[in-house]
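Participant: I am sharing protein_24.txt, which consists of compact mmCIF, C-alpha atoms:
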```
# COMPACT_ATOMS: atom_id res chain seq x y z
CA MET F 1 105.01 28.28 135.88
CA ILE F 2 105.15 29.50 139.46
CA PRO F 3 102.13 31.63 140.51
CA THR F 4 102.81 35.32 141.15
CA ARG F 5 101.88 35.15 144.84
CA VAL F 6 104.35 32.34 145.42
CA ARG F 7 107.05 34.29 143.55
CA LEU F 8 106.42 37.39 145.66
CA ILE F 9 106.60 35.36 148.86
CA LEU F 10 109.92 33.87 147.68
CA VAL F 11 111.32 37.33 146.86
CA LEU F 12 110.26 38.75 150.25
CA ALA F 13 111.51 35.67 152.12
CA GLY F 14 114.84 35.89 150.30
CA GLY F 15 115.08 39.58 151.16
CA LEU F 16 114.35 38.79 154.80
CA VAL F 17 117.06 36.14 154.92
CA LEU F 18 119.56 38.58 153.37
CA GLN F 19 118.49 41.33 155.79
CA ALA F 20 118.97 39.08 158.81
CA SER F 21 122.13 37.23 157.80
CA VAL F 22 124.18 38.92 155.09
CA VAL F 23 123.51 42.65 155.39
CA PRO F 24 124.74 42.98 159.02
CA VAL F 25 128.15 41.71 157.90
CA PHE F 26 128.48 44.81 155.71
CA ALA F 27 127.37 47.30 158.38
CA ILE F 28 129.03 50.69 158.29
CA ASP F 29 129.42 52.00 161.84
CA GLY F 30 126.46 49.87 162.87
CA ARG F 31 124.23 51.15 160.06
CA VAL F 32 122.87 48.81 157.40
CA VAL F 33 120.99 48.97 154.13
CA ASP F 34 117.28 48.22 154.48
CA ILE F 35 116.63 45.48 151.92
CA MET F 36 112.98 45.08 152.89
CA MET F 37 112.21 48.78 152.44
CA LEU F 38 114.03 48.62 149.11
CA LEU F 39 111.76 45.75 148.05
CA ALA F 40 108.70 47.80 149.08
CA VAL F 41 109.95 50.67 146.91
CA ALA F 42 110.62 48.30 144.00
CA GLY F 43 107.13 46.83 144.40
CA GLY F 44 105.54 50.27 144.17
CA LEU F 45 107.75 51.30 141.28
CA LEU F 46 107.01 48.22 139.20
CA GLY F 47 103.57 47.20 140.40
CA GLY F 48 101.82 50.50 141.04
CA ALA F 49 99.96 51.57 144.16
CA ASP F 50 97.79 48.47 144.65
CA ARG F 51 100.62 45.99 144.49
CA GLY F 52 103.01 48.41 146.19
CA VAL F 53 100.90 48.65 149.32
CA ALA F 54 100.57 44.86 149.57
CA ILE F 55 104.26 44.23 148.92
CA GLY F 56 105.25 47.01 151.32
CA PHE F 57 102.99 45.58 154.00
CA GLY F 58 104.46 42.09 153.51
CA ALA F 59 108.02 43.40 153.55
CA GLY F 60 107.32 45.42 156.68
CA LEU F 61 105.65 42.49 158.38
CA GLY F 62 108.76 40.43 157.73
CA THR F 63 110.92 43.18 159.21
CA ASP F 64 108.63 43.34 162.24
CA LEU F 65 109.58 39.72 162.96
CA LEU F 66 113.25 40.72 163.24
CA VAL F 67 113.22 43.93 165.27
CA GLN F 68 112.26 44.96 168.80
CA THR F 69 109.83 47.74 167.92
CA PRO F 70 106.03 47.76 168.24
CA PHE F 71 104.70 44.98 166.03
CA GLY F 72 103.15 46.42 162.88
CA LEU F 73 105.19 49.63 162.78
CA TRP F 74 107.40 48.44 159.93
CA ALA F 75 104.36 46.97 158.17
CA LEU F 76 102.63 50.36 158.34
CA VAL F 77 105.69 52.22 157.05
CA GLY F 78 106.28 49.64 154.30
CA ALA F 79 102.67 49.92 153.16
CA ILE F 80 102.87 53.73 153.14
CA VAL F 81 106.12 53.70 151.16
CA GLY F 82 104.98 51.06 148.65
CA TYR F 83 101.68 52.85 148.08
CA SER F 84 103.25 56.31 147.81
CA VAL F 85 105.88 55.23 145.30
CA GLY F 86 103.18 53.39 143.35
CA VAL F 87 100.91 56.44 143.23
CA VAL F 88 103.61 58.92 142.30
CA PHE F 89 105.90 56.85 140.07
CA GLY F 90 104.35 53.40 139.64
CA GLY F 91 104.58 51.81 136.24
CA PHE F 92 106.49 54.64 134.58
CA SER F 93 108.96 53.75 131.92
CA ASP F 94 110.23 57.17 130.92
CA GLY F 95 112.66 59.38 132.76
CA GLY F 96 115.84 57.39 132.62
CA ARG F 97 118.10 55.71 135.12
CA LEU F 98 118.91 58.87 137.11
CA LEU F 99 115.23 59.58 137.82
CA ARG F 100 114.71 55.98 138.97
CA LEU F 101 117.75 56.15 141.26
CA MET F 102 116.63 59.48 142.72
CA THR F 103 113.12 58.08 143.24
CA ILE F 104 114.49 55.04 145.04
CA GLY F 105 116.88 57.08 147.19
CA THR F 106 114.21 59.63 148.10
CA ALA F 107 111.65 56.94 148.93
CA LEU F 108 114.15 55.17 151.19
CA VAL F 109 114.96 58.43 153.00
CA VAL F 110 111.28 59.29 153.47
CA GLY F 111 110.44 55.75 154.60
CA THR F 112 113.26 55.60 157.13
CA ALA F 113 112.48 59.08 158.46
CA THR F 114 108.80 58.12 158.73
CA PHE F 115 109.74 55.02 160.73
CA VAL F 116 111.85 57.09 163.11
CA MET F 117 109.14 59.74 163.58
CA LEU F 118 106.36 57.20 164.16
CA GLY F 119 108.61 55.19 166.47
CA ARG F 120 109.33 58.29 168.55
CA LEU F 121 105.59 59.04 168.73
CA LEU F 122 105.02 55.50 170.01
CA GLY F 123 107.60 55.91 172.78
CA GLN F 124 110.63 54.24 171.22
CA ASP F 125 113.17 56.42 173.05
CA PHE F 126 116.21 54.69 171.54
CA LEU F 127 115.32 56.35 168.22
CA ALA F 128 116.08 59.76 169.73
CA ASP F 129 119.68 58.72 170.33
CA ILE F 130 120.54 57.84 166.75
CA SER F 131 122.30 60.15 164.37
CA LEU F 132 119.69 60.30 161.62
CA VAL F 133 121.69 61.81 158.73
CA PRO F 134 124.31 59.01 158.56
CA VAL F 135 121.53 56.41 158.78
CA LEU F 136 119.61 58.08 155.95
CA LEU F 137 122.76 58.28 153.82
CA THR F 138 123.59 54.61 154.40
CA VAL F 139 120.05 53.43 153.66
CA SER F 140 119.58 55.59 150.57
CA LEU F 141 123.01 55.21 148.95
CA GLY F 142 123.17 51.50 149.73
CA GLY F 143 119.66 51.06 148.39
CA MET F 144 120.52 52.86 145.18
CA VAL F 145 123.56 50.61 144.69
CA LEU F 146 121.48 47.47 145.28
CA SER F 147 118.44 48.71 143.34
CA PRO F 148 119.21 46.87 140.05
CA ILE F 149 119.14 43.54 141.92
CA ALA F 150 116.01 44.50 143.85
CA LEU F 151 114.21 45.67 140.71
CA ARG F 152 115.05 42.50 138.78
CA SER F 153 114.01 40.33 141.74
CA MET F 154 110.74 42.21 142.11
CA ALA F 155 110.09 42.03 138.35
CA TRP F 156 110.50 38.26 138.56
CA GLY F 157 108.20 38.19 141.58
CA LEU F 158 105.57 40.15 139.69
CA GLY F 159 105.83 37.80 136.70
CA MET F 160 107.39 40.36 134.34
CA ASP F 161 109.59 39.13 131.52
CA ARG F 162 111.61 42.33 131.57
CA LEU F 163 111.73 45.68 133.30
CA PRO F 164 109.29 48.23 131.79
CA TRP F 165 112.04 50.56 130.58
CA GLU F 166 114.06 47.86 128.82
CA GLN F 167 113.74 47.37 125.11
CA SER F 168 111.82 44.27 124.07
CA ARG F 169 114.03 41.36 123.14
```
Could you write out this file's structure as structure tokens?

Facilitator:
Amino acid sequence: MIPTRVRLILVLAGGLVLQASVVPVFAIDGRVVDIMMLLAVAGGLLGGADRGVAIGFGAGLGTDLLVQTPFGLWALVGAIVGYSVGVVFGGFSDGGRLLRLMTIGTALVVGTATFVMLGRLLGQDFLADISLVPVLLTVSLGGMVLSPIALRSMAWGLGMDRLPWEQSR
């Protein structure tokens, strides 16, 4: 059996490869889905706050390797998002699919908006020129569509046999 840490590294590395190579092909007006933020949200949702902060930090650190923003900004935002989702919704199994989708979409919106606000505070002037609403819509709706894959991948990474809300087999 593969240790959990190795599984999580494989999931995050796979997400990073998809973010860098596949996702840009499907850009809508230059806007793309944020796979790494989605993995941070999935980590918080399935692993709780403690695992969510670590997974979010790792996902953000990977994103920091790809982008031209201050190093550590994405890691900070990923850690905040993973922890927040873990505190508020981590480990829940009730509520249904709609609540999970709304949680994921909201967390992606908040995470992306937090990145933009912190980036502006740190002098990233190019962030003032973007149209934020279309970016938020692309990130959140795309993330909700891809969430079943992200949740299953993260469940495998965390060593879960099934998702918490699925019936036992």

Participant: Mind pulling up the distance from CA of Leu76 (chain F) to CA of Leu45 (chain F)?

Facilitator: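 Those two atoms sit 17.8 Å apart.
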
Participant: Is it possible to get the residues within 10 Å of (111.7, 42.9, 153.4) (coordinates as in the file, counting only C-alpha atoms) written as a short mmCIF file (atom, residue, chain, number, x, y, z; two decimals) with C-alpha atoms, in the coordinates of the input?

Facilitator:
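Wrote it out as point.cif, contents follow:
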```cif
data_model
loop_
_atom_site.label_atom_id
_atom_site.label_comp_id
_atom_site.auth_asym_id
_atom_site.auth_seq_id
_atom_site.Cartn_x
_atom_site.Cartn_y
_atom_site.Cartn_z
CA VAL F 11 111.32 37.33 146.86
CA LEU F 12 110.26 38.75 150.25
CA ALA F 13 111.51 35.67 152.12
CA GLY F 14 114.84 35.89 150.30
CA GLY F 15 115.08 39.58 151.16
CA LEU F 16 114.35 38.79 154.80
CA VAL F 17 117.06 36.14 154.92
CA LEU F 18 119.56 38.58 153.37
CA GLN F 19 118.49 41.33 155.79
CA ALA F 20 118.97 39.08 158.81
CA ASP F 34 117.28 48.22 154.48
CA ILE F 35 116.63 45.48 151.92
CA MET F 36 112.98 45.08 152.89
CA MET F 37 112.21 48.78 152.44
CA LEU F 38 114.03 48.62 149.11
CA LEU F 39 111.76 45.75 148.05
CA ALA F 40 108.70 47.80 149.08
CA ILE F 55 104.26 44.23 148.92
CA GLY F 56 105.25 47.01 151.32
CA PHE F 57 102.99 45.58 154.00
CA GLY F 58 104.46 42.09 153.51
CA ALA F 59 108.02 43.40 153.55
CA GLY F 60 107.32 45.42 156.68
CA LEU F 61 105.65 42.49 158.38
CA GLY F 62 108.76 40.43 157.73
CA THR F 63 110.92 43.18 159.21
CA ASP F 64 108.63 43.34 162.24
CA TRP F 74 107.40 48.44 159.93
CA ALA F 75 104.36 46.97 158.17
CA GLY F 78 106.28 49.64 154.30
#
```

Participant: Mind giving me the straight-line distance from CA of Leu108 (chain F) to CA of Ser140 (chain F) in Å, one decimal?

Facilitator: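 Separating CA of Leu108 (chain F) from CA of Ser140 (chain F) is a distance of 5.5 Å.
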
Participant: In terms of the shortest atom-to-atom distance over all atoms listed in the file, which of F:Gly119, F:Gly105, F:Gly44, F:Pro164 is closest to Met144 (chain F)?

Facilitator: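 Ranked by minimum distance to Met144 (chain F), first place goes to F:Gly105.
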
Participant: Report, in Å with one decimal, the straight-line distance from CA of Leu101 (chain F) to CA of Val25 (chain F).

Facilitator: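 Computing it gives 24.4 Å between the two atoms.
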
Participant: Between F:Leu151, F:Leu163, F:Val41, F:Leu66, which one has atoms that come closest to Thr112 (chain F), using all atoms listed in the file?

Facilitator: F:Val41

Participant: Box time for region 122-131 of chain F: axis-aligned, enclosing all its listed atoms, 6 Å extra on each side; report centre and edge lengths in Å to one decimal, as AutoDock Vina command-line options.

Facilitator:
```
--center_x 113.7 --center_y 57.2 --center_z 168.7 --size_x 29.3 --size_y 17.9 --size_z 20.7
```

Participant: Between F:Val32, F:Val135, F:Met154, F:Val23, which residue has the minimum interatomic distance to Arg51 (chain F), considering all atoms listed in the file?

Facilitator: F:Met154
